[in-house]
Structures are given as C-alpha cells and as structure tokens.
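Colleague: Sharing entry-v3.txt here; it has compact mmCIF, C-alpha atoms.
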```txt
# COMPACT_ATOMS: atom_id res chain seq x y z
CA MET A 9 -4.15 25.91 17.76
CA ARG A 10 -7.53 24.16 17.83
CA SER A 11 -8.55 25.56 14.44
CA ARG A 12 -5.19 24.44 13.00
CA GLY A 13 -5.88 20.89 14.18
CA ILE A 14 -9.35 20.98 12.64
CA THR A 15 -7.88 22.28 9.37
CA TRP A 16 -5.49 19.35 9.21
CA LEU A 17 -8.27 16.90 10.03
CA ILE A 18 -10.30 18.33 7.13
CA ILE A 19 -7.27 18.05 4.82
CA GLY A 20 -6.75 14.47 6.05
CA ALA A 21 -10.39 13.61 5.39
CA ALA A 22 -10.08 15.09 1.89
CA VAL A 23 -6.97 13.00 1.19
CA VAL A 24 -8.67 9.85 2.50
CA SER A 25 -11.79 10.38 0.37
CA LEU A 26 -9.61 11.15 -2.65
CA PHE A 27 -7.73 7.85 -2.33
CA LEU A 28 -10.89 5.87 -1.64
CA THR A 29 -12.58 7.15 -4.77
CA ILE A 30 -9.70 6.66 -7.21
CA PRO A 31 -10.94 4.60 -10.19
CA PRO A 32 -9.40 1.09 -10.28
CA TRP A 33 -7.58 1.69 -13.60
CA ILE A 34 -5.66 4.65 -12.13
CA SER A 35 -4.78 2.81 -8.91
CA SER A 36 -3.67 -0.17 -10.99
CA VAL A 37 -1.22 2.05 -12.92
CA TRP A 38 0.55 3.44 -9.83
CA ARG A 39 0.45 0.07 -8.14
CA VAL A 40 2.25 -1.58 -11.05
CA LYS A 41 4.81 1.25 -11.19
CA LEU A 42 5.53 1.03 -7.45
CA MET A 43 5.70 -2.78 -7.57
CA GLN A 44 8.23 -2.54 -10.38
CA ALA A 45 10.26 0.07 -8.46
CA PHE A 46 10.39 -2.23 -5.42
CA SER A 47 11.39 -5.37 -7.33
CA PRO A 48 15.23 -4.95 -7.28
CA LEU A 49 15.22 -4.12 -3.58
CA LEU A 50 13.01 -7.11 -2.76
CA ALA A 51 15.21 -9.49 -4.75
CA CYS A 52 18.30 -8.08 -3.06
CA GLU A 53 16.81 -8.34 0.45
CA ARG A 54 15.74 -11.90 -0.19
CA HIS A 55 19.34 -12.88 -0.96
CA VAL A 56 20.60 -11.01 2.13
CA LEU A 57 18.04 -12.80 4.34
CA ALA A 58 19.11 -16.16 2.92
CA LEU A 59 22.79 -15.53 3.73
CA PRO A 60 22.80 -16.38 7.49
CA SER A 61 21.06 -19.73 7.02
CA ALA A 62 23.33 -20.61 4.08
CA ALA A 63 26.43 -19.75 6.14
CA ARG A 64 25.15 -21.75 9.15
CA THR A 65 24.44 -24.79 6.97
CA ALA A 66 27.85 -24.57 5.32
CA TRP A 67 29.62 -24.36 8.70
CA HIS A 68 27.73 -27.27 10.30
CA GLU A 69 27.96 -29.60 7.35
CA ARG A 70 31.43 -28.94 5.94
CA GLY A 71 32.78 -32.43 6.81
CA ARG A 72 29.80 -34.33 5.52
CA LEU A 73 29.71 -32.18 2.39
CA ALA A 74 33.22 -33.27 1.34
CA THR A 75 32.35 -36.99 1.34
CA GLU A 76 28.96 -36.32 -0.18
CA ASN A 77 30.62 -34.25 -2.88
CA GLN A 78 32.87 -37.16 -3.86
CA ALA A 79 29.93 -39.58 -3.98
CA LEU A 80 27.90 -37.10 -6.02
CA ARG A 81 30.69 -36.69 -8.57
CA GLY A 82 30.44 -40.43 -9.31
CA LYS A 83 26.67 -40.15 -9.48
CA VAL A 84 26.88 -37.19 -11.88
CA ALA A 85 29.07 -39.18 -14.26
CA GLU A 86 26.60 -42.06 -14.13
CA LEU A 87 23.59 -39.77 -14.67
CA SER A 88 25.30 -37.94 -17.54
CA ARG A 89 25.61 -41.27 -19.32
CA ASP A 90 21.93 -42.02 -18.65
CA LEU A 91 20.98 -38.54 -19.83
CA ARG A 92 22.78 -39.07 -23.12
CA ASP A 93 20.82 -42.30 -23.62
CA LEU A 94 17.56 -40.57 -22.69
CA ARG A 95 18.24 -37.73 -25.13
CA ASP A 96 18.68 -40.26 -27.90
CA LEU A 97 15.39 -41.87 -26.91
CA LYS A 98 13.66 -38.48 -26.76
CA ASP A 99 14.88 -37.58 -30.24
CA GLU A 100 13.67 -40.91 -31.51
CA ASN A 101 10.33 -40.39 -29.73
CA ASN A 102 9.94 -36.93 -31.28
CA ARG A 103 10.73 -38.30 -34.73
CA LEU A 104 8.12 -41.03 -34.33
CA ARG A 105 5.58 -38.56 -32.91
CA SER A 106 6.00 -36.23 -35.86
CA LEU A 107 5.62 -39.20 -38.18
CA LEU A 108 2.33 -40.05 -36.48
CA ASN A 109 1.37 -36.33 -36.38
CA PHE A 110 0.91 -36.39 -32.57
CA LYS A 111 0.35 -33.08 -30.76
CA GLU A 112 2.37 -31.97 -27.72
CA LYS A 113 0.94 -33.75 -24.66
CA SER A 114 1.05 -30.85 -22.24
CA ALA A 115 -0.73 -27.62 -23.12
CA TYR A 116 1.43 -25.70 -20.63
CA ALA A 117 5.09 -24.88 -20.15
CA LEU A 118 6.44 -24.45 -16.63
CA MET A 119 8.29 -21.22 -15.97
CA PRO A 120 10.29 -21.23 -12.71
CA ALA A 121 10.00 -18.10 -10.56
CA GLU A 122 11.38 -17.05 -7.20
CA VAL A 123 9.20 -15.72 -4.40
CA ILE A 124 10.66 -12.31 -3.53
CA GLY A 125 7.99 -10.95 -1.23
CA ARG A 126 4.69 -11.48 0.48
CA ASP A 127 1.58 -9.40 0.98
CA THR A 128 2.40 -6.50 3.32
CA HIS A 129 -1.07 -6.57 4.90
CA GLN A 130 -2.14 -10.22 5.08
CA TRP A 131 0.81 -12.56 4.58
CA ASN A 132 -1.37 -15.44 3.40
CA ASN A 133 -3.17 -13.33 0.81
CA SER A 134 -0.59 -13.02 -1.94
CA ILE A 135 3.07 -13.36 -2.89
CA LEU A 136 5.35 -11.45 -5.24
CA ILE A 137 7.36 -13.38 -7.83
CA ASP A 138 10.37 -12.23 -9.85
CA LYS A 139 8.78 -12.82 -13.27
CA GLY A 140 6.55 -10.35 -15.09
CA ILE A 141 5.23 -9.21 -18.44
CA ARG A 142 8.73 -9.32 -19.97
CA ASP A 143 8.90 -13.06 -19.22
CA GLY A 144 5.45 -13.74 -20.68
CA VAL A 145 3.50 -13.74 -17.42
CA ARG A 146 -0.07 -12.47 -17.74
CA ASN A 147 -3.02 -12.01 -15.38
CA GLU A 148 -5.00 -15.18 -14.53
CA MET A 149 -2.04 -17.48 -15.22
CA VAL A 150 -1.87 -20.38 -12.78
CA VAL A 151 1.04 -20.79 -10.36
CA VAL A 152 2.01 -24.19 -8.95
CA CYS A 153 4.81 -25.77 -6.94
CA GLU A 154 6.04 -29.38 -6.84
CA THR A 155 3.37 -30.32 -4.31
CA GLY A 156 0.27 -28.58 -5.64
CA VAL A 157 -1.52 -25.46 -6.81
CA VAL A 158 -0.30 -22.19 -5.29
CA GLY A 159 -2.69 -19.64 -6.84
CA LYS A 160 -3.12 -17.36 -9.84
CA VAL A 161 -1.48 -14.17 -11.10
CA ILE A 162 -3.62 -11.10 -10.40
CA GLU A 163 -1.27 -8.22 -11.22
CA THR A 164 1.75 -7.96 -13.50
CA ALA A 165 4.52 -5.40 -13.86
CA PRO A 166 7.44 -5.69 -16.34
CA SER A 167 9.59 -7.87 -14.05
CA ILE A 168 7.43 -8.70 -11.03
CA SER A 169 3.94 -10.16 -10.50
CA THR A 170 1.46 -10.58 -7.67
CA VAL A 171 0.04 -14.06 -7.13
CA LEU A 172 -3.21 -14.47 -5.19
CA LEU A 173 -2.72 -17.53 -2.96
CA LEU A 174 -5.32 -20.29 -2.59
CA LEU A 175 -5.37 -19.45 1.13
CA SER A 176 -6.72 -15.96 0.48
CA ALA A 177 -10.36 -15.46 1.40
CA GLN A 178 -10.79 -13.87 -2.05
CA SER A 179 -9.68 -17.10 -3.75
CA LYS A 180 -12.29 -19.51 -5.11
CA LEU A 181 -11.83 -22.35 -7.61
CA GLY A 182 -13.61 -25.48 -8.75
CA GLY A 183 -12.45 -28.65 -6.98
CA ILE A 184 -13.20 -32.34 -7.49
CA VAL A 185 -12.61 -35.25 -5.12
CA GLU A 186 -10.37 -37.62 -7.07
CA LYS A 187 -11.93 -40.92 -5.92
CA THR A 188 -15.62 -40.07 -5.74
CA ARG A 189 -15.66 -37.41 -8.53
CA GLU A 190 -17.80 -35.13 -6.35
CA MET A 191 -17.45 -31.47 -7.28
CA GLY A 192 -17.47 -28.37 -5.13
CA ILE A 193 -15.87 -24.97 -4.68
CA VAL A 194 -12.55 -24.65 -2.88
CA GLU A 195 -12.19 -21.42 -0.92
CA GLY A 196 -9.42 -19.95 1.18
CA THR A 197 -9.69 -19.32 4.90
CA LEU A 198 -6.55 -17.12 5.35
CA PHE A 199 -5.22 -19.81 7.70
CA HIS A 200 -3.20 -22.83 6.57
CA ALA A 201 -6.29 -24.74 5.43
CA LEU A 202 -8.84 -24.65 2.63
CA ARG A 203 -12.54 -25.45 2.59
CA LEU A 204 -14.34 -27.47 -0.10
CA ILE A 205 -17.97 -26.32 -0.07
CA TYR A 206 -21.15 -27.24 -1.96
CA LEU A 207 -20.42 -30.97 -2.02
CA PRO A 208 -23.56 -33.15 -2.38
CA ARG A 209 -25.43 -33.72 0.91
CA GLN A 210 -24.58 -37.42 1.05
CA ALA A 211 -20.99 -36.92 -0.08
CA ALA A 212 -18.92 -40.11 -0.12
CA ALA A 213 -15.62 -38.23 0.18
CA LYS A 214 -13.64 -39.09 3.28
CA LYS A 215 -10.47 -38.18 5.13
CA GLY A 216 -7.35 -38.77 3.03
CA ASP A 217 -9.03 -38.33 -0.39
CA ARG A 218 -7.14 -36.10 -2.81
CA VAL A 219 -8.83 -32.95 -4.11
CA LEU A 220 -7.94 -31.81 -7.65
CA THR A 221 -8.87 -28.81 -9.77
CA SER A 222 -12.08 -29.52 -11.70
CA GLY A 223 -11.19 -27.30 -14.67
CA LEU A 224 -14.50 -25.44 -14.38
CA GLY A 225 -14.23 -21.69 -14.49
CA GLY A 226 -11.59 -21.66 -17.17
CA VAL A 227 -8.67 -20.37 -15.10
CA TYR A 228 -7.23 -23.49 -13.47
CA PRO A 229 -6.60 -26.47 -15.77
CA LYS A 230 -8.19 -29.78 -14.79
CA GLY A 231 -6.36 -32.34 -12.64
CA LEU A 232 -3.90 -30.25 -10.61
CA LEU A 233 -3.52 -31.29 -6.98
CA ILE A 234 -5.09 -28.84 -4.53
CA GLY A 235 -4.72 -30.86 -1.34
CA VAL A 236 -5.98 -33.71 0.80
CA CYS A 237 -9.34 -33.98 2.61
CA THR A 238 -8.96 -33.86 6.39
CA GLY A 239 -12.63 -34.20 7.31
CA VAL A 240 -16.12 -33.99 5.85
CA TYR A 241 -19.03 -32.36 7.67
CA GLU A 242 -22.49 -30.96 7.08
CA GLY A 243 -22.63 -27.44 5.67
CA GLU A 244 -24.88 -24.53 6.66
CA ASN A 245 -28.60 -25.44 6.94
CA GLY A 246 -27.74 -29.03 6.00
CA LEU A 247 -28.21 -28.25 2.31
CA TYR A 248 -24.75 -29.38 1.31
CA SER A 249 -21.60 -30.95 2.71
CA CYS A 250 -18.24 -29.32 3.29
CA ALA A 251 -14.73 -30.71 3.62
CA ASP A 252 -11.61 -29.27 5.18
CA VAL A 253 -8.68 -29.55 2.79
CA LEU A 254 -5.02 -29.50 3.77
CA PRO A 255 -3.27 -27.78 0.85
CA GLY A 256 -0.62 -29.72 -1.01
CA ALA A 257 1.62 -26.66 -1.20
CA ASP A 258 3.36 -25.58 1.99
CA PHE A 259 2.55 -21.87 1.92
CA SER A 260 4.77 -21.03 4.87
CA ARG A 261 7.86 -22.26 3.01
CA LEU A 262 7.22 -21.11 -0.55
CA GLU A 263 10.50 -20.05 -2.12
CA GLU A 264 10.29 -21.27 -5.71
CA VAL A 265 7.15 -21.68 -7.80
CA PHE A 266 6.26 -22.38 -11.43
CA VAL A 267 3.99 -20.30 -13.65
CA LEU A 268 1.93 -22.33 -16.13
CA ILE A 269 2.42 -20.63 -19.48
CA PRO A 270 -0.12 -21.82 -22.08
CA ARG A 271 1.45 -23.09 -25.31
CA MET A 272 0.11 -21.88 -28.62
CA GLU A 273 -0.70 -24.26 -31.42
CA GLY A 274 2.47 -25.99 -32.53
CA GLY A 275 4.01 -26.05 -29.06
CA ASP A 276 5.21 -22.41 -28.92
CA ILE A 277 4.89 -20.55 -25.67
CA THR A 278 2.58 -17.53 -25.80
CA ARG A 279 4.27 -14.14 -25.27
CA MET B 15 17.20 16.12 2.47
CA ARG B 16 15.10 15.09 5.49
CA ALA B 17 12.18 14.28 3.20
CA LEU B 18 14.42 12.04 1.07
CA LEU B 19 15.73 10.31 4.17
CA GLY B 20 12.17 9.78 5.38
CA ILE B 21 11.12 8.26 2.05
CA PHE B 22 14.22 6.05 2.07
CA ILE B 23 13.27 4.72 5.52
CA LEU B 24 9.72 4.05 4.32
CA ILE B 25 11.02 2.17 1.26
CA LEU B 26 13.28 0.08 3.48
CA ALA B 27 10.41 -0.60 5.88
CA ALA B 28 8.07 -1.65 3.05
CA SER B 29 10.57 -4.00 1.43
CA ALA B 30 11.59 -5.44 4.81
CA GLN B 31 7.94 -6.08 5.59
CA SER B 32 7.42 -7.86 2.28
CA SER B 33 10.64 -9.85 1.88
CA GLY B 34 11.04 -10.55 5.62
CA ALA B 35 7.49 -11.89 5.86
CA LEU B 36 8.63 -15.47 5.31
CA VAL B 37 11.03 -15.21 8.27
CA PHE B 38 8.40 -13.60 10.50
CA SER B 39 5.73 -16.13 9.55
CA ARG B 40 8.07 -18.98 10.51
CA MET B 41 8.47 -17.29 13.90
CA HIS B 42 4.64 -17.01 14.07
CA VAL B 43 4.73 -13.26 14.62
CA GLY B 44 3.19 -10.43 12.66
CA VAL B 45 4.69 -6.98 12.27
CA ASP B 46 3.75 -3.77 10.48
CA PHE B 47 6.86 -1.60 10.05
CA LEU B 48 5.03 0.95 7.90
CA LEU B 49 2.28 1.56 10.43
CA VAL B 50 4.83 1.95 13.23
CA CYS B 51 6.80 4.39 11.04
CA CYS B 52 3.64 6.47 10.59
CA ILE B 53 2.93 6.40 14.33
CA CYS B 54 6.49 7.41 15.25
CA CYS B 55 6.43 10.23 12.72
CA ALA B 56 3.03 11.37 14.03
CA LEU B 57 4.53 11.64 17.53
CA LEU B 58 7.33 13.88 16.28
CA ALA B 59 6.72 15.85 13.11
CA GLY B 60 4.38 18.62 11.98
CA GLU B 61 0.98 17.77 10.53
CA GLY B 62 2.05 18.36 6.92
CA ALA B 63 5.00 15.97 7.20
CA VAL B 64 2.84 13.43 9.03
CA LEU B 65 0.26 13.52 6.24
CA ALA B 66 2.96 13.09 3.57
CA VAL B 67 4.53 10.16 5.42
CA ALA B 68 1.13 8.49 5.94
CA VAL B 69 0.24 8.83 2.24
CA CYS B 70 3.63 7.49 1.10
CA ALA B 71 3.53 4.58 3.58
CA GLY B 72 -0.04 3.74 2.56
CA LEU B 73 0.86 3.79 -1.13
CA PHE B 74 3.85 1.51 -0.54
CA LYS B 75 1.78 -0.91 1.52
CA ASP B 76 -1.02 -1.00 -1.05
CA ALA B 77 1.46 -1.54 -3.88
CA LEU B 78 2.88 -4.66 -2.19
CA SER B 79 -0.45 -6.19 -1.17
CA SER B 80 -3.51 -7.52 -2.99
CA ASP B 81 -5.97 -5.39 -1.03
CA VAL B 82 -8.12 -2.65 -2.53
CA ALA B 83 -5.82 0.24 -3.45
CA GLY B 84 -6.27 3.26 -1.20
CA HIS B 85 -7.33 1.40 1.95
CA SER B 86 -3.92 1.58 3.60
CA VAL B 87 -3.58 5.28 2.72
CA ALA B 88 -6.94 5.95 4.36
CA VAL B 89 -6.09 3.93 7.49
CA PHE B 90 -2.60 5.42 7.89
CA VAL B 91 -3.78 9.01 7.37
CA ALA B 92 -6.61 8.55 9.90
CA ILE B 93 -4.37 7.01 12.56
CA SER B 94 -1.50 9.46 12.05
CA LEU B 95 -3.81 12.48 12.36
CA MET B 96 -5.51 10.97 15.43
CA ILE B 97 -2.11 10.64 17.09
CA CYS B 98 -1.22 14.20 16.05
CA VAL B 99 -4.36 15.40 17.83
CA ILE B 100 -3.64 13.59 21.10
CA ARG B 101 0.16 13.84 21.23
CA SER B 102 0.17 17.14 23.18
CA ARG B 103 -1.25 15.14 26.12
CA LEU B 104 1.47 12.48 25.91
CA TRP B 105 5.06 12.44 27.10
CA VAL B 106 6.12 11.35 23.62
CA ILE B 107 9.80 10.99 24.42
CA HIS B 108 9.12 8.19 26.91
CA TRP B 109 9.21 4.68 25.48
CA SER B 110 5.91 3.69 27.08
CA ALA B 111 4.05 6.41 25.15
CA GLN B 112 5.60 5.20 21.89
CA ALA B 113 4.84 1.55 22.65
CA GLY B 114 1.32 2.39 23.84
CA CYS B 115 0.57 4.39 20.71
CA ALA B 116 1.89 1.57 18.51
CA PHE B 117 -0.26 -0.99 20.38
CA ALA B 118 -3.43 1.12 20.26
CA GLY B 119 -2.68 2.24 16.69
CA THR B 120 -2.43 -1.38 15.50
CA LEU B 121 -5.80 -2.24 17.05
CA CYS B 122 -7.37 0.90 15.54
CA ALA B 123 -5.85 0.05 12.15
CA TRP B 124 -7.35 -3.44 12.35
CA MET B 125 -10.78 -1.97 13.10
CA LEU B 126 -10.50 0.56 10.27
CA TYR B 127 -9.33 -2.11 7.79
CA ASN B 128 -12.32 -4.24 8.77
CA LEU B 129 -14.69 -1.29 8.41
CA LEU B 130 -13.34 -0.57 4.92
CA ALA B 131 -13.41 -4.27 4.02
CA LYS B 132 -17.07 -4.44 5.13
CA ALA B 133 -17.92 -1.34 3.08
CA TRP B 134 -16.17 -2.77 -0.01
CA GLY B 135 -17.68 -6.25 0.46
CA GLN B 136 -14.30 -7.84 1.17
CA PRO B 137 -13.74 -10.71 3.64
CA LEU B 138 -13.09 -9.54 7.22
CA GLU B 139 -10.16 -10.54 9.42
CA TRP B 140 -11.50 -11.94 12.69
CA ALA B 141 -8.34 -13.54 14.12
CA ILE B 142 -8.15 -11.28 17.17
CA GLY B 143 -5.27 -13.34 18.65
CA ALA B 144 -3.09 -12.63 15.64
CA VAL B 145 -3.97 -8.94 15.81
CA VAL B 146 -3.07 -8.67 19.50
CA SER B 147 0.24 -10.46 18.91
CA ARG B 148 0.96 -8.10 15.99
CA ALA B 149 0.13 -5.14 18.22
CA CYS B 150 2.57 -6.44 20.87
CA VAL B 151 5.36 -6.85 18.31
CA ASN B 152 4.64 -3.39 16.90
CA ALA B 153 4.78 -1.97 20.44
CA CYS B 154 8.21 -3.58 20.92
CA ILE B 155 9.67 -2.17 17.71
CA ALA B 156 8.18 1.31 18.20
CA PRO B 157 10.85 2.73 20.59
CA PRO B 158 13.85 1.87 18.34
CA LEU B 159 12.02 3.12 15.24
CA PHE B 160 11.12 6.28 17.16
CA ARG B 161 14.86 6.92 17.73
CA ILE B 162 15.48 6.60 13.98
CA TRP B 163 12.65 9.02 13.14
CA LEU B 164 13.87 11.39 15.85
CA ALA B 165 17.27 11.49 14.13
CA VAL B 166 15.57 12.17 10.79
CA VAL B 167 13.25 14.89 12.07
CA ARG B 168 16.05 16.67 13.96
```
Since I need it in another form, could you write the structure as structure tokens?
Modeller:
Amino acid sequence: MRSRGITWLIIGAAVVSLFLTIPPWISSVWRVKLMQAFSPLLACERHVLALPSAARTAWHERGRLATENQALRGKVAELSRDLRDLRDLKDENNRLRSLLNFKEKSAYALMPAEVIGRDTHQWNNSILIDKGIRDGVRNEMVVVCETGVVGKVIETAPSISTVLLLLSAQSKLGGIVEKTREMGIVEGTLFHALRLIYLPRQAAAKKGDRVLTSGLGGVYPKGLLIGVCTGVYEGENGLYSCADVLPGADFSRLEEVFVLIPRMEGGDITR
Amino acid sequence: MRALLGIFILILAASAQSSGALVFSRMHVGVDFLLVCCICCALLAGEGAVLAVAVCAGLFKDALSSDVAGHSVAVFVAISLMICVIRSRLWVIHWSAQAGCAFAGTLCAWMLYNLLAKAWGQPLEWAIGAVVSRACVNACIAPPLFRIWLAVVR
C-alpha cells in the first residue's frame, strides 16, 4: 500500500517536471488549440449569463420603454436626415482630400470585439476576446475601449485571442503626463490601479492630470488615454517620483473592446 | 464513459470559471472550480484517475490564463496527490472533510503558485485577504461538487 503511494508520487513528480520543462513553442501550440476549442462554449456561456439581467431590465422598464421607443423613432428619422447630409459632406471631403493628395489621418482601424472570458487564475491579468487570426488580430496589437487603453494581444488562435490587461503585474508601457510632458513607465498592480514610475524627482504632475501613452517602446501608439493621476509621491530611495494612476478603462465592467488594426499604406487594413 | 463525463465536467468548470469571472468579480469573490474539481476527485477516485483529472484541469486552466504554461498542471498534480496520500485518514464522505480539503488545498495552491512564480521570475500574489476569501468560497462549493464527482465515479 505504502509502496503504491510512493510509486504514484514518483509518477506525479515525473509528470510535474515534464510539464515544467516543456519548451515554450510546444506549450504555445497546445494552448492555442485549447483556447480555440473553448471559444464557442465561452461565447455561448456569456450569452446565457447575460440573459437574466436582460430579462430583469425588460420587465422593470417595459412601460418606460414604450414611450422612449416612440421618442426614439422620431429621433432616428431626424438623425437619418443628418446622416445623409454628413455622407454628402464626407464624400466631398474625400474628393477634396484626394485632390490635395492627403493621407488618411488615422493609422489604425478599430475592430470591435466582445469579451468572452477572463483569466482563470488571476482575473485582472488577461481577458479573452472573440476575434482572432481570421479577423486580422496579431500579437502585440493594442486593445482599447471608449474610455482608455485596455492592454495588448499576447496570444492568438483562429477565432479567439488573449489580451494582457494594463492591470497585470507583467504589463509595462511608456506613459506621459499630458500637462507637464513628464515621462515614466506605467505598470500594473493587479488591483484596480496603475503606477507611473520613474518620473523626475521634482515632478510637477499633480492629482487630476491625465496620463497618456508616450509611444516609446513601439507597441502602444502615442496619445492614448491611460488614466488620471490620483497622487504623486517619492519613489524608492528618493531617486525618482511615482504617481498612482486610476485607469480610464473600467476593468471590472469590460464587455466590448476595440482592437487597433494598423492600416497599410493607402488606407488598407493589414491581414 | 466515466472518463468522458469527467472531462465534460472539467470543460464546463473551466469555461464557467472564465466566462463567469465578470459576475464573480462584481460580487467581489474569487472561485477556482477546477481546483475544487481536482480536490473532490482526489477524495474519491484511484490515483491514476486523479492524475489524469489533475493534468486535464491544469491544461484547461493554463490555456485560459496568461500564466506560464505548465504551472497549473504542476500545482494541481501536487495537491491532488497530496490529498490522495492523506485521504485514508479522513472521513471523506462528510461535508466538513470536503470543505476543509478545499480550504487547505486553495491555500497550498496559492503557496505553490507563488513558489513557481518566484522560480520563474514572475510577480508574486501577496493579497492574502483575497486568497482566504477564495479559499472560503471554494470550501462552500466543494460539498456540492463532491456529490457530482461521486455520481461520476460511481
């Protein structure tokens, strides 16, 4: 009985050492395959989980929704008219731009993606989105939401990708204080806050200042909102200053995000 | 058939852990269905089945996280085999043994993850409050999950 237990412990130790010594390229292959296998189930579960809250909202707001619906119909008609006018203006603008040989202003296209899962070990480490290689998503692409930077893609499968969140302790990116133009490194803390380190010792940044991506490092484009300074203090050994940053994105409520897809010359999206 | 059923439960647990995370995080609780599945299986099944379940659960957890691949397999195998060794001294059918194992197993898992993270030069998780709350939640879900695994193993 005792020797049987020891045998199994030895087998267990062998299995553990086998998995801990797998080369990264092999582990990456099975990881991508498993991620892809899980993607339909995750998408399905996400819709199932959203059902109760949708039903509750519909039940509570059925009266108000009827009146709001009527008002919105009028608004839609009005906006459709405006949209037609704007399309005409856009066409005209494009014609004039091509005449002047102007290039497309934005170097990125926004691809909407749904969050279908979160990291199974540390929830604030990463998220899973329902777009992958088939949709043109590649590693190191930046992910944003309406209120700020979310993170970057670190693993891609055909129809699902893993996004490393800014909150992750593994995440580091160049940040710049918008007003004072002081640069530092923004790092995650795994909690709902970020830290801007390596600011100059006599940093002029103060509470309420916006922190943007500096564009250094080559992954995150310059000028995206990271968050807002909530306090500046002296760093370790007094060699530099640090600032706590409240992220612009609400990581506890992330449901839809956008992947920044770089455009090729001529405005095409890279695939 | 039982093996397929076991894998199906693990797949459900992994996807529930990933897609349900948003709901759990709003409730400010942490939960690890896969670890509790391994612990329940370790209380019931033979060593071979326990090892297979731990490897599968670890692979699923690693696939849906951004951690170093293989860490969860190592942690789950170690904890499952530890429970296999001590289970003859436990009254495994009683809910307190299941809950106690889940609580202690979660704390051990946290220590092992931190040991591996230290060895691999990864950032450590020091939020002991969050770990204890996760251990409590895991202890609460262990008895019902044990019933499910009991039905599978039988």
Colleague: Extract, using only C-alpha atoms, all DNA, RNA and protein residues at most 9 Å from Gly13 of chain A, discarding same-chain residues fewer than 2 positions from it, and format them as a list in words.
Modeller: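 Answer for this query is Met9, Arg10, Ser11, Thr15, Trp16, Leu17 and Ile18 of chain A; Glu61, Leu95, Cys98 and Val99 of chain B.
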Colleague: Compile a residue-level contact table for chain A against chain B at a cut-off of 7 Å, reporting for every qualifying residue the shortest atom pair and its distance in Å to one decimal, with all atoms listed in the file counted, rows ordered by chain and ascending number, as a tab-separated table.
Modeller:
```
residue	atom	partner	partner_atom	distance
A:Gly13	CA	B:Val99	CA	6.8
A:Trp16	CA	B:Glu61	CA	6.8
A:Leu17	CA	B:Leu95	CA	6.7
A:Gly20	CA	B:Val91	CA	6.4
A:Val24	CA	B:Ala88	CA	4.7
A:Phe27	CA	B:Gly84	CA	4.9
A:Leu28	CA	B:Gly84	CA	5.3
A:Ser35	CA	B:Ala83	CA	6.1
A:Arg39	CA	B:Ala77	CA	4.7
A:Leu42	CA	B:Ala77	CA	6.0
A:Met43	CA	B:Ala77	CA	5.8
A:Leu49	CA	B:Ser29	CA	6.8
A:Leu50	CA	B:Ser29	CA	5.8
A:Glu53	CA	B:Ser33	CA	6.5
A:Arg54	CA	B:Ser33	CA	5.9
A:Ile124	CA	B:Ser33	CA	5.9
A:Gly125	CA	B:Ser33	CA	4.2
A:Arg126	CA	B:Ser32	CA	4.9
A:Asp127	CA	B:Ser79	CA	4.4
A:Thr128	CA	B:Ser32	CA	5.3
A:His129	CA	B:Ser79	CA	6.1
A:Trp131	CA	B:Ala35	CA	6.8
A:Asn133	CA	B:Ser80	CA	7.0
A:Ser134	CA	B:Ser80	CA	6.3
A:Ala177	CA	B:Pro137	CA	6.2
A:Ser260	CA	B:Leu36	CA	6.8
```
Colleague: Box time for segment 38-45 of chain B: axis-aligned, enclosing all its listed atoms, 8 Å extra on each side; report centre and edge lengths in Å to one decimal, as lines of an AutoDock Vina configuration file.
Modeller:
```
center_x = 5.8
center_y = -13.0
center_z = 12.1
size_x = 21.3
size_y = 28.0
size_z = 21.1
```
Colleague: What's the separation between atom CA of Leu204 of chain A and atom CA of Phe259 of chain A, in Å to one decimal place?
Modeller: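 We find that atom CA of Leu204 of chain A and atom CA of Phe259 of chain A lie 17.9 Å from each other.
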Colleague: Between atom CA of Pro208 of chain A and atom CA of Glu190 of chain A, what distance in Å does the model show, to one decimal?
Modeller: 7.3 Å
Colleague: Looking at all atoms listed in the file, which of B:Ala113, B:Cys150, B:Ile21, B:Ile93 is the one that sits closest to Val67 of chain B?
Modeller: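 The answer is B:Ile21, which sits nearest to Val67 of chain B.
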Colleague: Expressed in Å to a single decimal, how great is the separation between atom CA of Tyr206 of chain A and atom CA of Ile193 of chain A?
Modeller: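 That distance, rounded to one decimal, is 6.4 Å.
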Colleague: Which residues are near Trp124 of chain B? Cut-off 10 Å, all atoms listed in the file, ignore same chain within fewer than 2 positions. Put them as a PyMOL selection string.
Modeller: chain B and resi 89+118-122+126-130+138-140+142+145-146+149
Colleague: Which neighbours of segment 233-241 of chain A fall inside 7 Å, counting all atoms listed in the file, when residues of the same chain fewer than 2 positions from it are skipped, and could you give them as a short mmCIF file (atom, residue, chain, number, x, y, z; two decimals) with C-alpha atoms, in the frame of the given file?
Modeller:
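Saved to out.cif:
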```
data_model
loop_
_atom_site.label_atom_id
_atom_site.label_comp_id
_atom_site.auth_asym_id
_atom_site.auth_seq_id
_atom_site.Cartn_x
_atom_site.Cartn_y
_atom_site.Cartn_z
CA GLY A 156 0.27 -28.58 -5.64
CA VAL A 157 -1.52 -25.46 -6.81
CA LYS A 214 -13.64 -39.09 3.28
CA LYS A 215 -10.47 -38.18 5.13
CA GLY A 216 -7.35 -38.77 3.03
CA ASP A 217 -9.03 -38.33 -0.39
CA ARG A 218 -7.14 -36.10 -2.81
CA VAL A 219 -8.83 -32.95 -4.11
CA LEU A 220 -7.94 -31.81 -7.65
CA THR A 221 -8.87 -28.81 -9.77
CA GLY A 231 -6.36 -32.34 -12.64
CA GLY A 243 -22.63 -27.44 5.67
CA SER A 249 -21.60 -30.95 2.71
CA CYS A 250 -18.24 -29.32 3.29
CA ALA A 251 -14.73 -30.71 3.62
CA ASP A 252 -11.61 -29.27 5.18
CA VAL A 253 -8.68 -29.55 2.79
CA LEU A 254 -5.02 -29.50 3.77
CA PRO A 255 -3.27 -27.78 0.85
CA GLY A 256 -0.62 -29.72 -1.01
#
```
Colleague: Just the residues within 8 Å of Ile269 of chain A, please, counting only C-alpha atoms, with nothing from its chain fewer than 3 positions along; format it as a VMD selection string.
Modeller: chain A and resid 116 to 119 144 to 145 149 to 150 277 to 278
